[in-house]
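**Student:** Contents of input_6.txt (compact mmCIF, C-alpha atoms):
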# COMPACT_ATOMS: atom_id res chain seq x y z
CA MET T 5 0.77 -17.97 49.98
CA VAL T 6 2.11 -21.52 50.27
CA HIS T 7 1.75 -21.12 54.00
CA ARG T 8 -1.89 -20.14 53.69
CA LEU T 9 -2.86 -22.84 51.15
CA SER T 10 -1.08 -25.60 53.08
CA GLY T 11 -2.83 -24.40 56.23
CA ILE T 12 -6.22 -24.68 54.52
CA ALA T 13 -5.34 -28.13 53.20
CA LEU T 14 -4.36 -29.27 56.68
CA ALA T 15 -7.52 -27.83 58.23
CA VAL T 16 -9.58 -29.81 55.73
CA PHE T 17 -7.54 -32.99 56.12
CA LEU T 18 -7.42 -33.07 59.89
CA PRO T 19 -11.06 -34.05 60.60
CA LEU T 20 -10.63 -36.92 58.14
CA HIS T 21 -7.47 -38.05 59.89
CA PHE T 22 -9.19 -37.94 63.26
CA TRP T 23 -12.15 -39.83 61.86
CA VAL T 24 -10.00 -42.71 60.60
CA LEU T 25 -8.14 -42.98 63.87
CA GLY T 26 -11.34 -42.69 65.86
CA SER T 27 -12.51 -45.84 64.15
CA ALA T 28 -9.94 -47.60 66.29
CA ILE T 29 -12.45 -47.28 69.09
CA GLU T 30 -14.57 -49.77 67.21
CA GLY T 31 -11.70 -52.18 67.45
CA GLU T 32 -8.99 -53.72 65.37
CA MET T 33 -11.24 -54.82 62.58
CA SER T 34 -12.42 -51.35 61.78
CA LEU T 35 -8.94 -49.81 61.91
CA GLY T 36 -7.62 -52.71 59.88
CA SER T 37 -10.08 -52.19 57.06
CA SER T 38 -9.37 -48.44 57.12
CA LEU T 39 -5.65 -49.12 56.83
CA ALA T 40 -6.21 -51.54 53.95
CA TRP T 41 -8.05 -48.73 52.16
CA THR T 42 -5.03 -46.46 52.60
CA GLU T 43 -2.85 -48.83 50.61
CA GLN T 44 -4.49 -47.65 47.39
CA PRO T 45 -2.14 -45.56 45.18
CA LEU T 46 -4.42 -42.52 45.00
CA VAL T 47 -4.64 -42.41 48.77
CA LYS T 48 -0.88 -42.80 49.04
CA LEU T 49 -0.49 -39.80 46.77
CA GLY T 50 -2.88 -37.83 48.96
CA GLU T 51 -0.93 -38.82 52.06
CA TRP T 52 2.34 -37.70 50.53
CA ALA T 53 0.71 -34.39 49.50
CA ILE T 54 -0.56 -33.86 53.03
CA VAL T 55 2.85 -34.59 54.51
CA LEU T 56 4.35 -32.08 52.08
CA ALA T 57 1.70 -29.55 53.08
CA LEU T 58 2.59 -30.13 56.73
CA ALA T 59 6.29 -29.60 56.05
CA ALA T 60 5.56 -26.44 54.05
CA HIS T 61 3.25 -25.06 56.71
CA LEU T 62 5.74 -25.82 59.47
CA GLY T 63 8.56 -24.17 57.51
CA GLY T 64 6.47 -21.09 56.78
CA GLY T 65 5.39 -20.96 60.41
CA LEU T 66 8.95 -21.07 61.66
CA ARG T 67 9.75 -18.25 59.24
CA VAL T 68 6.91 -16.12 60.67
CA LEU T 69 8.00 -16.83 64.25
CA ALA T 70 11.60 -15.90 63.36
CA LEU T 71 10.57 -12.66 61.65
CA GLU T 72 8.31 -11.63 64.50
CA PHE T 73 10.53 -12.48 67.43
CA LEU T 74 14.18 -12.51 66.43
CA PRO T 75 16.41 -9.55 65.50
CA TRP T 76 17.78 -11.27 62.38
CA ARG T 77 18.47 -9.87 58.94
CA ASP T 78 15.33 -10.26 56.87
CA TRP T 79 16.68 -12.38 54.05
CA GLN T 80 18.25 -14.92 56.37
CA LYS T 81 14.95 -15.81 57.88
CA GLY T 82 13.41 -16.85 54.56
CA LEU T 83 16.40 -19.04 53.99
CA ALA T 84 16.24 -20.72 57.37
CA ALA T 85 12.60 -21.65 57.08
CA ALA T 86 12.97 -22.85 53.52
CA ALA T 87 15.78 -25.09 54.68
CA ALA T 88 13.74 -26.42 57.57
CA ALA T 89 10.75 -27.22 55.39
CA LEU T 90 12.89 -28.88 52.77
CA THR T 91 14.68 -31.04 55.31
CA VAL T 92 11.46 -32.23 56.85
CA ALA T 93 9.86 -32.95 53.49
CA VAL T 94 12.84 -34.83 52.12
CA GLY T 95 13.35 -36.79 55.31
CA LEU T 96 9.75 -37.83 55.39
CA ALA T 97 9.52 -38.74 51.74
CA LEU T 98 12.54 -40.98 52.08
CA ALA T 99 11.55 -42.50 55.37
CA LEU T 100 8.02 -43.23 54.33
CA ALA T 101 9.10 -44.43 50.88
CA LEU T 102 5.70 -43.68 49.52
CA MET M 16 -8.58 -6.15 76.59
CA ASN M 17 -7.97 -6.32 72.89
CA ILE M 18 -9.27 -9.55 71.41
CA GLN M 19 -7.08 -9.64 68.31
CA THR M 20 -3.93 -9.16 70.37
CA ALA M 21 -4.99 -12.07 72.57
CA LEU M 22 -5.70 -14.21 69.51
CA TRP M 23 -2.29 -13.35 68.09
CA ILE M 24 -0.56 -14.46 71.30
CA ALA M 25 -2.62 -17.68 71.37
CA GLN M 26 -1.82 -18.37 67.74
CA ARG M 27 1.94 -17.93 68.14
CA ALA M 28 2.06 -19.87 71.41
CA SER M 29 0.07 -22.80 69.97
CA ALA M 30 2.31 -22.67 66.87
CA ALA M 31 5.40 -23.13 69.01
CA VAL M 32 3.77 -26.06 70.84
CA LEU M 33 2.72 -27.59 67.53
CA ALA M 34 6.19 -27.29 66.06
CA LEU M 35 7.42 -29.56 68.82
CA CYS M 36 4.41 -31.90 68.75
CA VAL M 37 4.57 -32.30 64.97
CA ALA M 38 8.27 -33.10 65.11
CA VAL M 39 7.68 -35.79 67.75
CA HIS M 40 4.60 -37.12 65.94
CA LEU M 41 6.37 -37.46 62.61
CA ALA M 42 9.38 -39.12 64.18
CA MET M 43 7.08 -41.61 65.84
CA ILE M 44 5.15 -42.30 62.65
CA ILE M 45 8.35 -42.91 60.70
CA TYR M 46 9.53 -45.31 63.40
CA ALA M 47 6.20 -47.11 63.41
CA VAL M 48 6.10 -47.42 59.63
CA GLN M 49 9.56 -48.98 59.40
CA GLY M 50 8.29 -52.28 60.64
CA GLY M 51 5.10 -52.36 58.57
CA LEU M 52 1.64 -51.49 59.78
CA THR M 53 -1.12 -53.81 60.86
CA ALA M 54 -3.97 -52.64 63.00
CA ALA M 55 -3.35 -55.26 65.65
CA GLU M 56 0.32 -54.39 65.93
CA ILE M 57 -0.35 -50.69 66.32
CA LEU M 58 -3.05 -51.03 68.88
CA GLU M 59 -1.03 -53.54 70.90
CA ARG M 60 1.70 -50.97 71.37
CA THR M 61 -0.52 -47.98 72.00
CA ARG M 62 -3.35 -49.19 74.20
CA GLY M 63 -3.12 -48.21 77.84
CA ASN M 64 -0.24 -45.83 77.34
CA ALA M 65 -0.92 -42.85 79.62
CA GLY M 66 2.20 -40.94 78.59
CA TRP M 67 1.32 -40.88 74.91
CA LEU M 68 -2.31 -40.13 75.71
CA ALA M 69 -1.20 -37.05 77.62
CA PHE M 70 1.05 -35.99 74.76
CA TYR M 71 -1.69 -36.34 72.17
CA SER M 72 -4.17 -34.52 74.39
CA VAL M 73 -1.80 -31.54 74.39
CA PHE M 74 -1.39 -31.91 70.63
CA VAL M 75 -5.17 -31.87 70.08
CA LEU M 76 -5.57 -28.83 72.33
CA ALA M 77 -2.89 -26.91 70.44
CA VAL M 78 -4.53 -27.72 67.08
CA THR M 79 -7.95 -26.70 68.45
CA ILE M 80 -6.51 -23.26 69.21
CA HIS M 81 -4.27 -22.87 66.16
CA ALA M 82 -6.43 -23.91 63.19
CA PRO M 83 -9.56 -21.77 63.79
CA ILE M 84 -7.51 -18.60 64.40
CA GLY M 85 -5.67 -19.20 61.14
CA LEU M 86 -8.93 -19.77 59.27
CA ARG M 87 -10.33 -16.57 60.78
CA SER M 88 -7.98 -14.46 58.61
CA VAL M 89 -8.63 -16.59 55.55
CA PHE M 90 -12.41 -16.22 55.92
CA ALA M 91 -12.16 -12.45 56.44
CA GLU M 92 -9.76 -11.79 53.58
CA TRP M 93 -10.80 -14.30 50.92
CA LEU M 94 -14.50 -14.81 51.64
CA GLY M 95 -15.24 -11.36 53.02
CA TRP M 96 -16.75 -13.08 56.05
CA ARG M 97 -16.43 -10.97 59.18
CA GLY M 98 -18.32 -10.52 62.42
CA ARG M 99 -20.25 -12.71 64.81
CA SER M 100 -21.43 -15.47 62.45
CA ARG M 101 -17.90 -16.20 61.33
CA ASP M 102 -16.62 -16.36 64.90
CA VAL M 103 -19.48 -18.63 65.96
CA VAL M 104 -18.83 -21.03 63.07
CA LEU M 105 -15.12 -21.10 63.88
CA SER M 106 -15.84 -21.81 67.53
CA LEU M 107 -18.02 -24.72 66.44
CA PHE M 108 -15.22 -25.94 64.17
CA ALA M 109 -12.85 -25.77 67.15
CA LEU M 110 -15.21 -27.88 69.22
CA LEU M 111 -15.52 -30.37 66.36
CA ILE M 112 -11.76 -30.69 66.09
CA ALA M 113 -11.41 -31.07 69.85
CA TRP M 114 -14.07 -33.75 70.02
CA MET M 115 -12.86 -35.74 67.05
CA GLY M 116 -9.25 -35.41 68.13
CA MET M 117 -9.88 -36.64 71.66
CA ARG M 118 -12.05 -39.45 70.30
CA ALA M 119 -9.17 -40.55 68.09
CA ALA M 120 -6.59 -40.18 70.88
CA LEU M 121 -8.71 -42.15 73.32
CA GLY M 122 -9.42 -44.76 70.69
CA VAL M 123 -5.76 -45.41 70.12
CA PHE M 124 -4.21 -44.81 73.51
CA ALA M 125 -6.78 -45.38 76.23
CA MET N 15 9.26 0.43 21.83
CA LYS N 16 5.60 -0.03 22.57
CA VAL N 17 4.26 1.45 25.78
CA PHE N 18 0.85 0.38 27.08
CA VAL N 19 -0.58 2.98 29.42
CA LYS N 20 -3.57 2.18 31.60
CA ARG N 21 -6.05 5.01 31.38
CA ASN N 22 -9.63 5.49 32.48
CA SER N 23 -10.82 4.01 29.18
CA GLY N 24 -8.47 1.04 29.23
CA PHE N 25 -4.97 0.38 27.90
CA GLN N 26 -3.71 2.74 25.24
CA GLU N 27 -0.72 1.88 23.09
CA PHE N 28 1.99 4.40 22.22
CA GLU N 29 5.13 4.08 20.13
CA VAL N 30 8.01 5.73 22.02
CA PRO N 31 11.64 6.15 20.84
CA ARG N 32 14.27 4.60 23.06
CA HIS N 33 17.27 6.48 24.39
CA PRO N 34 20.20 5.48 26.57
CA SER N 35 19.67 5.98 30.32
CA GLN N 36 15.98 6.60 29.73
CA THR N 37 13.68 6.32 32.73
CA VAL N 38 10.00 5.37 32.75
CA LEU N 39 9.21 8.91 33.86
CA ASP N 40 10.98 10.17 30.74
CA VAL N 41 8.72 7.88 28.70
CA VAL N 42 5.49 9.07 30.33
CA THR N 43 6.58 12.71 30.01
CA TYR N 44 7.37 12.19 26.33
CA ILE N 45 3.93 10.70 25.75
CA GLN N 46 2.17 13.59 27.45
CA ARG N 47 4.22 16.30 25.77
CA SER N 48 4.52 14.91 22.26
CA LEU N 49 1.84 12.30 21.69
CA ASP N 50 -1.21 12.84 23.88
CA PRO N 51 -1.53 15.95 26.07
CA THR N 52 -4.63 14.59 27.80
CA LEU N 53 -2.57 12.03 29.77
CA ALA N 54 -2.65 12.80 33.51
CA TYR N 55 0.28 11.83 35.73
CA ARG N 56 2.22 13.10 38.76
CA TYR N 57 5.85 13.94 39.32
CA ALA N 58 7.86 16.60 41.12
CA CYS N 59 11.58 16.32 41.83
CA ARG N 60 12.32 13.67 39.15
CA VAL N 61 15.51 12.73 41.00
CA GLY N 62 14.32 10.05 43.44
CA MET N 63 13.66 12.14 46.53
CA CYS N 64 9.97 13.01 46.72
CA GLY N 65 8.15 9.81 45.79
CA SER N 66 5.46 11.62 43.75
CA CYS N 67 6.12 9.66 40.55
CA ALA N 68 5.23 6.26 41.98
CA MET N 69 3.31 4.12 39.47
CA THR N 70 2.82 0.49 38.54
CA VAL N 71 5.40 -0.62 35.98
CA ASN N 72 4.90 -4.11 34.49
CA GLY N 73 2.76 -4.95 37.49
CA VAL N 74 5.21 -3.73 40.13
CA PRO N 75 4.95 -0.43 42.08
CA ARG N 76 8.05 1.69 41.57
CA TRP N 77 9.38 5.25 41.41
CA THR N 78 9.30 5.89 37.68
CA CYS N 79 12.07 8.49 37.83
CA ARG N 80 14.37 5.85 39.29
CA THR N 81 13.34 3.02 37.00
CA HIS N 82 15.52 2.69 33.95
CA VAL N 83 13.70 1.43 30.87
CA ASP N 84 16.54 -0.97 30.11
CA ARG N 85 15.88 -2.74 33.40
CA VAL N 86 12.16 -3.35 32.91
CA VAL N 87 11.42 -3.45 29.20
CA ARG N 88 10.31 -6.89 27.93
CA ASN N 89 10.18 -7.82 24.24
CA ASP N 90 10.49 -4.12 23.42
CA ALA N 91 7.30 -3.36 25.37
CA LEU N 92 6.40 -1.72 28.65
CA GLU N 93 3.22 -1.47 30.70
CA VAL N 94 2.48 1.53 32.93
CA GLY N 95 -0.49 1.97 35.25
CA PRO N 96 -1.57 3.86 38.37
CA LEU N 97 -0.59 2.64 41.83
CA LYS N 98 -2.74 -0.27 43.02
CA ASN N 99 -4.99 -0.36 46.07
CA LEU N 100 -5.93 3.31 45.68
CA PRO N 101 -8.88 4.96 43.91
CA VAL N 102 -7.93 6.42 40.52
CA ILE N 103 -8.69 10.08 39.86
CA ARG N 104 -7.65 9.93 36.24
CA ASP N 105 -5.24 7.86 34.17
CA LEU N 106 -2.07 7.49 36.24
CA VAL N 107 -3.12 9.72 39.13
CA THR N 108 -4.45 8.13 42.32
CA ASP N 109 -6.32 9.60 45.25
CA MET N 110 -3.92 9.39 48.16
CA ARG N 111 -6.39 10.52 50.80
CA GLU N 112 -7.11 7.11 52.31
CA PHE N 113 -3.37 6.46 52.56
CA PHE N 114 -2.91 9.57 54.70
CA ASP N 115 -6.15 9.12 56.61
CA LYS N 116 -4.91 5.73 57.73
CA TRP N 117 -1.63 7.34 58.74
CA ALA N 118 -3.64 9.59 61.06
CA ARG N 119 -5.76 6.68 62.33
CA ALA N 120 -2.58 4.85 63.28
CA ARG N 121 -1.67 7.91 65.36
CA GLY N 122 1.29 8.71 63.15
CA GLN N 123 1.98 12.13 64.65
CA PHE N 124 4.64 12.85 67.25
CA ALA N 125 3.38 13.94 70.66
CA GLY N 126 6.08 15.35 72.94
CA GLU N 127 5.80 16.44 76.51
CA ARG N 128 8.39 19.15 76.86
CA THR N 129 7.85 22.82 76.26
CA LYS N 130 10.35 25.35 74.97
CA ARG N 131 11.13 26.22 78.57
CA ASP N 132 12.41 22.73 79.29
CA ASP N 133 15.86 21.54 78.39
CA PHE N 134 16.33 19.28 75.33
CA HIS N 135 15.58 15.64 75.78
CA LYS N 136 18.94 14.04 75.12
CA VAL N 137 18.62 10.87 73.04
CA LYS N 138 21.60 8.59 72.66
CA PRO N 139 21.94 7.75 68.96
CA SER N 140 23.50 4.42 69.81
CA SER N 141 20.76 3.21 72.17
CA SER N 142 19.10 0.11 70.77
CA ASP N 143 15.69 1.78 70.60
CA ARG N 144 17.06 4.72 68.66
CA VAL N 145 18.92 2.46 66.25
CA GLN N 146 15.68 0.65 65.52
CA VAL N 147 13.81 3.91 65.00
CA ASP N 148 16.52 5.35 62.76
CA SER N 149 16.48 2.32 60.48
CA ASN N 150 12.82 2.89 59.66
CA ILE N 151 12.38 6.65 59.95
CA GLU N 152 13.20 7.81 56.44
CA CYS N 153 9.70 7.15 55.06
CA ILE N 154 8.45 9.92 52.78
CA GLY N 155 4.96 8.59 52.32
CA CYS N 156 5.22 7.63 48.65
CA GLY N 157 2.67 4.83 48.85
CA VAL N 158 4.68 2.12 47.07
CA CYS N 159 4.47 -0.23 50.05
CA TYR N 160 0.72 0.37 50.31
CA ALA N 161 0.32 -0.50 46.64
CA ALA N 162 2.44 -3.63 47.02
CA CYS N 163 0.64 -5.03 50.06
CA ASP N 164 -1.63 -8.07 49.60
CA VAL N 165 -3.43 -7.44 52.88
CA VAL N 166 -4.31 -3.88 51.85
CA ALA N 167 -5.90 -5.42 48.77
CA TRP N 168 -7.76 -8.06 50.80
CA ASN N 169 -8.80 -5.96 53.82
CA PRO N 170 -10.17 -2.46 53.15
CA ASP N 171 -9.73 -1.40 56.78
CA TYR N 172 -6.09 -2.42 57.03
CA LEU N 173 -3.99 0.59 57.98
CA GLY N 174 -1.10 -0.46 55.77
CA PRO N 175 2.67 -0.78 56.09
CA ALA N 176 3.57 2.91 55.97
CA ALA N 177 1.11 4.03 58.64
CA LEU N 178 2.02 1.15 60.92
CA ASN N 179 5.72 1.65 60.37
CA ARG N 180 5.40 5.31 61.35
CA ALA N 181 3.44 4.33 64.47
CA TRP N 182 6.28 1.95 65.34
CA THR N 183 8.95 4.63 65.04
CA LEU N 184 6.94 6.78 67.43
CA VAL N 185 6.24 3.98 69.89
CA LYS N 186 9.97 3.37 70.05
CA ASP N 187 10.80 7.06 70.37
CA GLU N 188 11.68 7.69 74.00
CA ARG N 189 10.51 11.31 73.75
CA ASP N 190 7.00 10.31 72.74
CA SER N 191 4.25 10.43 75.33
CA LEU N 192 1.34 8.67 73.67
CA LYS N 193 2.53 5.09 73.70
CA THR N 194 -0.56 3.36 75.07
CA GLU N 195 -2.97 5.19 72.78
CA ARG N 196 -0.82 4.33 69.80
CA LEU N 197 -0.73 0.67 70.72
CA ARG N 198 -4.50 0.71 71.07
CA ALA N 199 -4.81 2.34 67.66
CA VAL N 200 -2.68 -0.27 65.92
CA ALA N 201 -3.82 -3.44 67.65
CA GLY N 202 -6.48 -5.44 65.89
CA ASP N 203 -7.86 -6.50 62.54
CA ALA N 204 -7.26 -3.10 60.97
CA GLY N 205 -3.81 -2.92 62.49
CA CYS N 206 -0.60 -4.77 62.93
CA HIS N 207 -2.14 -8.19 63.61
CA SER N 208 -3.41 -8.50 60.06
CA CYS N 209 0.08 -8.40 58.62
CA HIS N 210 1.00 -11.81 57.21
CA THR N 211 4.69 -11.05 56.69
CA HIS N 212 4.53 -11.47 52.93
CA MET N 213 7.17 -8.73 52.95
CA SER N 214 6.14 -7.17 49.65
CA CYS N 215 6.44 -3.79 51.37
CA THR N 216 10.05 -4.40 52.42
CA GLU N 217 10.92 -5.78 49.00
CA ARG N 218 9.51 -2.74 47.15
CA CYS N 219 10.39 0.15 49.46
CA PRO N 220 12.55 2.55 47.41
CA LYS N 221 14.23 3.75 50.59
CA HIS N 222 15.04 0.19 51.67
CA LEU N 223 13.03 0.40 54.85
CA SER N 224 11.46 -2.66 56.43
CA PRO N 225 7.86 -2.02 57.46
CA THR N 226 7.66 -5.75 58.17
CA ALA N 227 10.22 -5.36 60.93
CA GLY N 228 8.37 -2.35 62.31
CA ILE N 229 5.05 -4.16 62.27
CA ALA N 230 6.63 -7.19 63.94
CA GLY N 231 7.82 -4.82 66.63
CA LEU N 232 4.27 -3.52 67.06
CA LYS N 233 3.02 -7.09 67.43
CA ARG N 234 5.52 -7.68 70.21
CA GLU N 235 4.75 -4.39 71.93
CA THR N 236 0.97 -4.88 71.84
CA ALA N 237 1.36 -8.41 73.21
CA LYS N 238 3.55 -7.14 76.03
CA ALA N 239 1.07 -4.38 76.80
CA LEU N 240 -1.84 -6.82 76.86
CA LEU N 241 -0.04 -9.16 79.23
CA LYS N 242 0.78 -6.26 81.51
CA GLY N 243 -2.86 -5.20 81.47
CA GLU N 244 -2.13 -1.88 79.81
CA LEU N 245 -3.93 -2.37 76.52
Could you show the structure in this file as structure tokens?

**Tutor:**
Amino acid sequence: MVHRLSGIALAVFLPLHFWVLGSAIEGEMSLGSSLAWTEQPLVKLGEWAIVLALAAHLGGGLRVLALEFLPWRDWQKGLAAAAAALTVAVGLALALAL
Amino acid sequence: MNIQTALWIAQRASAAVLALCVAVHLAMIIYAVQGGLTAAEILERTRGNAGWLAFYSVFVLAVTIHAPIGLRSVFAEWLGWRGRSRDVVLSLFALLIAWMGMRAALGVFA
Amino acid sequence: MKVFVKRNSGFQEFEVPRHPSQTVLDVVTYIQRSLDPTLAYRYACRVGMCGSCAMTVNGVPRWTCRTHVDRVVRNDALEVGPLKNLPVIRDLVTDMREFFDKWARARGQFAGERTKRDDFHKVKPSSSDRVQVDSNIECIGCGVCYAACDVVAWNPDYLGPAALNRAWTLVKDERDSLKTERLRAVAGDAGCHSCHTHMSCTERCPKHLSPTAGIAGLKRETAKALLKGEL
């Protein structure tokens, strides 16, 4: 379920992300003002949520790939993906210090 | 030629590609953020970089395949939307993603 | 303890005495014999072999003869209902026809090639294919996995874990002759590709089978067949 909801969140977020970056075509000024907008706390929270959604979706996805392609014991696969997602999320949260 | 089997293969293949692309992308973003972020600084580093442009083109292509197929199940199961109209809308969404993604990639890396 | 039973008219409350080693089937039987004879329910062997007594207990599909009250009772109360995802005939009895119809649609019947004049087909029990088949072959068609499955609830055409699992055991059976037709029957939105690996089926199967593993196998086999141009 987390996998599905994070996927939906990402699908909604992605056009926005592309839009902001696409404004770089208009030059530094436009990208600069977009970046200034992202410094707002509410936006920062949204960014962190999106990064978390990405980590969750990636973890869930790795779990699905493991279950469908590898001859592992079932319970191990849940564990592996959970670990992967957690690592990514923690690493990012720390690194980005949002 | 079973369409759902083909979609399943495409979905899993693009997922594998994305796993790699996302890992690289996030690593790069973290690296970029360490030193602070001004528009001028970013664009200085990225403009004219053919290697990264190629990478992000692959990234955009993988997303264009992966996201609509995922949404296809969600639409069928949670909205009860099946059939031609759904598939047409998803194809349009795919084109939108591809266009916006390439626009962004070109804007930053070309 | 209080037992809330879901009937055609809604939930009905009964007061049932508790005993040691009491099962939920004991509770339902007590209600029907001593409190309300109009209650309809199914059971047969009552020893965990036939799967007829499957019902929803506190929201979870289980074999009621194998569910001890002590394990599931909460605040001295219990909730019993019919299996989910199936039409209800009356009270706790569901119509299992669609479950078995889907079994047939998934081509869940063995199709051999040899006649009684031929010699036996010798199958090595230790071959990797046979080991995979054996680990999923004990299904008795109780319907618990079907009731537990989210996709069955969301997609009315979905064949379901039991039917797909049975198709898998036949696809992997080296004596079977209908492989391509089976793969065609299970590929697609009604078939194996709609499984989202939630694994509710595997978690709830009273015989500890893994339909998820079987369905994953079908996904691999259909993909291979498509790439080889056989689908």

**Student:** Would you list which chain T residues are within 8 Å of chain N using all atoms listed in the file, as a PDB file with C-alpha atoms, keeping the file's coordinate frame?

**Tutor:**
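Writing done, so here's iface.pdb:
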ATOM      1  CA  VAL T  68       6.910 -16.120  60.670  1.00  0.00           C
ATOM      2  CA  LEU T  71      10.570 -12.660  61.650  1.00  0.00           C
ATOM      3  CA  GLU T  72       8.310 -11.630  64.500  1.00  0.00           C
ATOM      4  CA  PHE T  73      10.530 -12.480  67.430  1.00  0.00           C
TER       5      PHE T  73
END

**Student:** Tell me, counting all atoms listed in the file, for each residue of region 91-140 of chain N within 10 Å of region 192-202 of chain N, which pair of atoms is nearest and how far apart they are in Å to one decimal, in rows ordered by chain and increasing number, as CSV.

**Tutor:**
residue,atom,partner,partner_atom,distance
N:Ala118,CA,N:Ala199,CA,9.9
N:Arg119,CA,N:Ala199,CA,6.9
N:Ala120,CA,N:Ala199,CA,5.5
N:Arg121,CA,N:Arg196,CA,5.8
N:Gly122,CA,N:Arg196,CA,8.2
N:Gln123,CA,N:Leu192,CA,9.7
N:Phe124,CA,N:Leu192,CA,8.3
N:Ala125,CA,N:Leu192,CA,6.4
N:Gly126,CA,N:Leu192,CA,8.2
N:Glu127,CA,N:Leu192,CA,9.4

**Student:** Using only C-alpha atoms, which of the listed residues (M:Arg101, M:Phe74, M:Ala21, M:Leu68) sits closest to Ala38 (chain M)?

**Tutor:**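 Result for the nearest residue to Ala38 (chain M): M:Phe74.
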
**Student:** One decimal, in Å: what's the spacing between CA of Leu76 (chain M) and CA of Val103 (chain M)?

**Tutor:**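 Between CA of Leu76 (chain M) and CA of Val103 (chain M) the gap is 18.4 Å.
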
**Student:** Calculate how many Å separate CA of Leu14 (chain T) from CA of Cys163 (chain N), rounding to one decimal.

**Tutor:**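 Result for CA of Leu14 (chain T) versus CA of Cys163 (chain N): 25.6 Å, one decimal.
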
**Student:** Give me, as JSON, numbers by chain, the residues of chain N touching chain M, with the criterion being at most 12 Å (counting all atoms listed in the file).

**Tutor:** {"N": [164, 165, 166, 167, 168, 169, 170, 171, 172, 197, 198, 199, 200, 201, 202, 203, 204, 205, 206, 207, 208, 209, 210, 230, 232, 233, 234, 235, 236, 237, 238, 239, 240, 241, 242, 243, 244, 245]}
